[in-house]
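What follows is one structure encoded as structure tokens, with my remarks underneath.
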Amino acid sequence: QLSTVSFVFDCLVSHFVFFNMAAEAPAGYEIPAVESSARSGKFRHIFGEPIKKVLYEDLKAPQTSGEGNYLAANRKFIAYAGTGGGGPIYLIRQDQPGRGMRDLPGIGTHKGKVWDWDFHPFHNNIIASGSDDCKAHLTLFPAEGLTETISDPTQIFEGHEKKVTHIKFSNVANMLATGSFDGTVRLWNIEDASCLATLSNGNKGQIHSFDIYKD
């Protein structure tokens with residue numbers, strides 16, 4: 001600490017002497033130039049452009065309470081759940097921001113509120129959802145988005161005894177994992193809707209979160 005104080009003091013004295021010389025230098029005397037120790041950067045003249053504001057406004061009755069996610073997205077769509085019959089889940093194309101979202105068709109395949117949903121990791125037009133009706137659904141929709149409401153799922157996964165609150169696709173296989181208030185996580189084959197495994201937390205309460213390890 002003493003060496004640091006001494007160094008700072010010496011710097012202050014040197015600056016005082018230099019500026020005092022500048023004030024009292026006789027006519028014709030040139031003060032020697034002081035070279036800067038700062039390094040010159042290579043990117044001094046690069047200027048960025050601000051990102052354009054992208055908003056999706058006027059959403060149709062979004063659901064903002066629950067145990068799962070409020071939004072899910074892939075490279076092409078954004079999905080959010082609304083309040084009303086069948087779920088429902090609304091899809092927004094990412095390349096079509098702005099207003100006018102109240103007239104969107106939806107995916108309304110359930111008989112209760114939808115709590116969570118997830119896009120297939122390799123197919124932009126496949127989405128899975130879990131609901132109050134104790135079921136999980138997989139729905140295939142048009143590749144360019146919805147033009148009308150879909151009421152019938154492509155696949156139904158049954159077996160949970162309480163509401164399904166968490167949905168997660170596997171990133172390495174055609175499998176879907178679902179978590180429920182019944183304290184279990186189930187792993188499903190999405191091709192035939194068969195249950196591959198059931199994991200229980202031993203009646204220690206509801207499932208709040210889980211993930212799939214790819215090993």
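For the structure tokens, the naming scheme is as follows: chains receive sequential letters (A, B, ...) according to their order of presentation, residues are indexed from 1 within each chain, and ligands are indexed from 1 in presentation order.
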
Practice prompt. Please identify all polymer residues within 12 Å of Ser131 (chain A), counting only C-alpha atoms, omitting same-chain residues fewer than 5 positions from it, and present them as a PyMOL selection string.
Written response: chain A and resi 66-68+81+85-89+108-117+136-138+156-158+160-167+178-181

Item to complete: Would you mind listing what lies within 9 Å of Gln206 (chain A) as a list in words, with only C-alpha atoms counted and same-chain residues fewer than 2 positions away left out?
Response: Gly179, Ser180, Phe181, Asp182, Gly183, Thr184, Asn201, Asn203, Lys204 and His208 of chain A

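Computed from the coordinates, the CA of Ser209 (chain A) to CA of Ala177 (chain A) distance equals 11.3 Å.
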
Worksheet, complete the sentence: If you count only C-alpha atoms, the residue of A:Gly205, A:Phe77, A:Arg102, A:Leu187 closest to Phe141 (chain A) turns out to be A:Phe77

Item to complete: Write out as a list in words which residues come within 9 Å of Glu191 (chain A) when counting only C-alpha atoms, dropping same-chain ones fewer than 5 positions away.
Response: Gln155, Asn174 and Met175 of chain A

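Across A:Ile107, A:Leu196, A:Cys134, A:Leu91, the tightest approach to Asp152 (chain A) is made by A:Ile107 when counting only C-alpha atoms.
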
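CA of Pro142 (chain A) is found 22.5 Å from CA of Tyr70 (chain A).
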
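Those residues that approach Asp95 (chain A) to within 12 Å, counting only C-alpha atoms, are A:Val54, A:Leu55, A:Tyr56, A:Arg75, A:Lys76, A:Phe77, A:Ile78, A:Glu144, A:Gly145; same-chain residues fewer than 5 positions away are not listed.
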
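Proximity to Asn171 (chain A) was assessed for A:Glu148, A:Ser200, A:Asp211, A:Leu140 counting only C-alpha atoms; the smallest distance is recorded for A:Asp211.
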
Worksheet item: Which is closer to Phe210 (chain A) than all the others in A:Phe169, A:Trp188, A:Phe47, A:Tyr80, using only C-alpha atoms?
Response: A:Phe169

Item to complete: Assign secondary structure with DSSP using the backbone only, and return the residues of region 59-208 of chain A in strand (DSSP E or B) as a PyMOL selection string.
Response: chain A and resi 62+71-73+77-82+89-93+98+106-107+114-119+126-131+135-140+150+155-158+164-169+175-180+184-189+195-200

Let's have the selection written as a PDB file, in the first residue's frame, with C-alpha atoms.
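Resulting contents of part_32.pdb:
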```
ATOM      1  CA  PRO A  62     -52.519 -14.579 -23.788  1.00  0.00           C
ATOM      2  CA  LEU A  71     -43.780 -18.904 -24.960  1.00  0.00           C
ATOM      3  CA  ALA A  72     -42.019 -21.373 -27.204  1.00  0.00           C
ATOM      4  CA  ALA A  73     -40.223 -20.640 -30.456  1.00  0.00           C
ATOM      5  CA  PHE A  77     -42.783 -19.661 -35.407  1.00  0.00           C
ATOM      6  CA  ILE A  78     -43.596 -18.305 -31.968  1.00  0.00           C
ATOM      7  CA  ALA A  79     -46.260 -20.167 -29.995  1.00  0.00           C
ATOM      8  CA  TYR A  80     -48.240 -18.882 -27.028  1.00  0.00           C
ATOM      9  CA  ALA A  81     -51.314 -20.176 -25.232  1.00  0.00           C
ATOM     10  CA  GLY A  82     -54.568 -18.310 -24.951  1.00  0.00           C
ATOM     11  CA  ILE A  89     -52.246 -22.444 -28.820  1.00  0.00           C
ATOM     12  CA  TYR A  90     -51.681 -19.589 -31.272  1.00  0.00           C
ATOM     13  CA  LEU A  91     -48.841 -19.503 -33.785  1.00  0.00           C
ATOM     14  CA  ILE A  92     -47.122 -16.336 -35.021  1.00  0.00           C
ATOM     15  CA  ARG A  93     -44.769 -16.340 -37.965  1.00  0.00           C
ATOM     16  CA  GLY A  98     -46.858  -6.070 -36.072  1.00  0.00           C
ATOM     17  CA  GLY A 106     -55.271 -21.679 -33.210  1.00  0.00           C
ATOM     18  CA  ILE A 107     -54.545 -25.268 -32.262  1.00  0.00           C
ATOM     19  CA  VAL A 114     -52.883 -25.887 -21.954  1.00  0.00           C
ATOM     20  CA  TRP A 115     -50.000 -25.546 -19.491  1.00  0.00           C
ATOM     21  CA  ASP A 116     -46.911 -26.204 -21.579  1.00  0.00           C
ATOM     22  CA  TRP A 117     -45.866 -26.797 -25.203  1.00  0.00           C
ATOM     23  CA  ASP A 118     -42.723 -27.470 -27.200  1.00  0.00           C
ATOM     24  CA  PHE A 119     -41.710 -27.521 -30.864  1.00  0.00           C
ATOM     25  CA  ILE A 126     -44.791 -30.160 -35.222  1.00  0.00           C
ATOM     26  CA  ILE A 127     -45.766 -29.045 -31.724  1.00  0.00           C
ATOM     27  CA  ALA A 128     -46.583 -30.969 -28.544  1.00  0.00           C
ATOM     28  CA  SER A 129     -48.759 -29.731 -25.689  1.00  0.00           C
ATOM     29  CA  GLY A 130     -49.851 -30.754 -22.198  1.00  0.00           C
ATOM     30  CA  SER A 131     -53.140 -29.860 -20.567  1.00  0.00           C
ATOM     31  CA  LYS A 135     -53.188 -35.736 -21.738  1.00  0.00           C
ATOM     32  CA  ALA A 136     -50.397 -34.667 -24.038  1.00  0.00           C
ATOM     33  CA  HIS A 137     -51.031 -34.056 -27.718  1.00  0.00           C
ATOM     34  CA  LEU A 138     -48.775 -33.920 -30.742  1.00  0.00           C
ATOM     35  CA  THR A 139     -50.069 -31.823 -33.640  1.00  0.00           C
ATOM     36  CA  LEU A 140     -48.801 -31.536 -37.183  1.00  0.00           C
ATOM     37  CA  ILE A 150     -57.036 -27.336 -35.841  1.00  0.00           C
ATOM     38  CA  GLN A 155     -51.173 -38.164 -31.703  1.00  0.00           C
ATOM     39  CA  ILE A 156     -52.576 -38.506 -28.169  1.00  0.00           C
ATOM     40  CA  PHE A 157     -50.497 -39.597 -25.164  1.00  0.00           C
ATOM     41  CA  GLU A 158     -52.612 -40.952 -22.281  1.00  0.00           C
ATOM     42  CA  VAL A 164     -49.725 -32.395 -17.639  1.00  0.00           C
ATOM     43  CA  THR A 165     -47.665 -29.299 -16.908  1.00  0.00           C
ATOM     44  CA  HIS A 166     -44.334 -29.914 -18.656  1.00  0.00           C
ATOM     45  CA  ILE A 167     -43.478 -30.961 -22.198  1.00  0.00           C
ATOM     46  CA  LYS A 168     -40.023 -31.631 -23.642  1.00  0.00           C
ATOM     47  CA  PHE A 169     -38.889 -33.205 -26.920  1.00  0.00           C
ATOM     48  CA  MET A 175     -39.268 -39.233 -28.064  1.00  0.00           C
ATOM     49  CA  LEU A 176     -41.350 -36.888 -25.959  1.00  0.00           C
ATOM     50  CA  ALA A 177     -41.155 -36.424 -22.188  1.00  0.00           C
ATOM     51  CA  THR A 178     -44.099 -35.215 -20.124  1.00  0.00           C
ATOM     52  CA  GLY A 179     -44.260 -34.130 -16.496  1.00  0.00           C
ATOM     53  CA  SER A 180     -47.439 -34.149 -14.438  1.00  0.00           C
ATOM     54  CA  THR A 184     -44.285 -38.724 -12.643  1.00  0.00           C
ATOM     55  CA  VAL A 185     -42.323 -38.055 -15.805  1.00  0.00           C
ATOM     56  CA  ARG A 186     -43.224 -40.271 -18.752  1.00  0.00           C
ATOM     57  CA  LEU A 187     -41.191 -40.923 -21.862  1.00  0.00           C
ATOM     58  CA  TRP A 188     -43.161 -41.581 -25.059  1.00  0.00           C
ATOM     59  CA  ASN A 189     -42.514 -42.866 -28.559  1.00  0.00           C
ATOM     60  CA  CYS A 195     -45.087 -45.163 -23.130  1.00  0.00           C
ATOM     61  CA  LEU A 196     -41.434 -46.197 -22.992  1.00  0.00           C
ATOM     62  CA  ALA A 197     -40.752 -45.439 -19.328  1.00  0.00           C
ATOM     63  CA  THR A 198     -42.318 -43.905 -16.244  1.00  0.00           C
ATOM     64  CA  LEU A 199     -40.188 -42.135 -13.647  1.00  0.00           C
ATOM     65  CA  SER A 200     -41.690 -41.334 -10.252  1.00  0.00           C
TER      66      SER A 200
END
```

Discussion item. So, with only C-alpha atoms as the atoms that count, which of A:Leu146, A:Gly159, A:Asn74, A:Pro153 lies closest to Leu104 (chain A)?
Written reply: A:Leu146
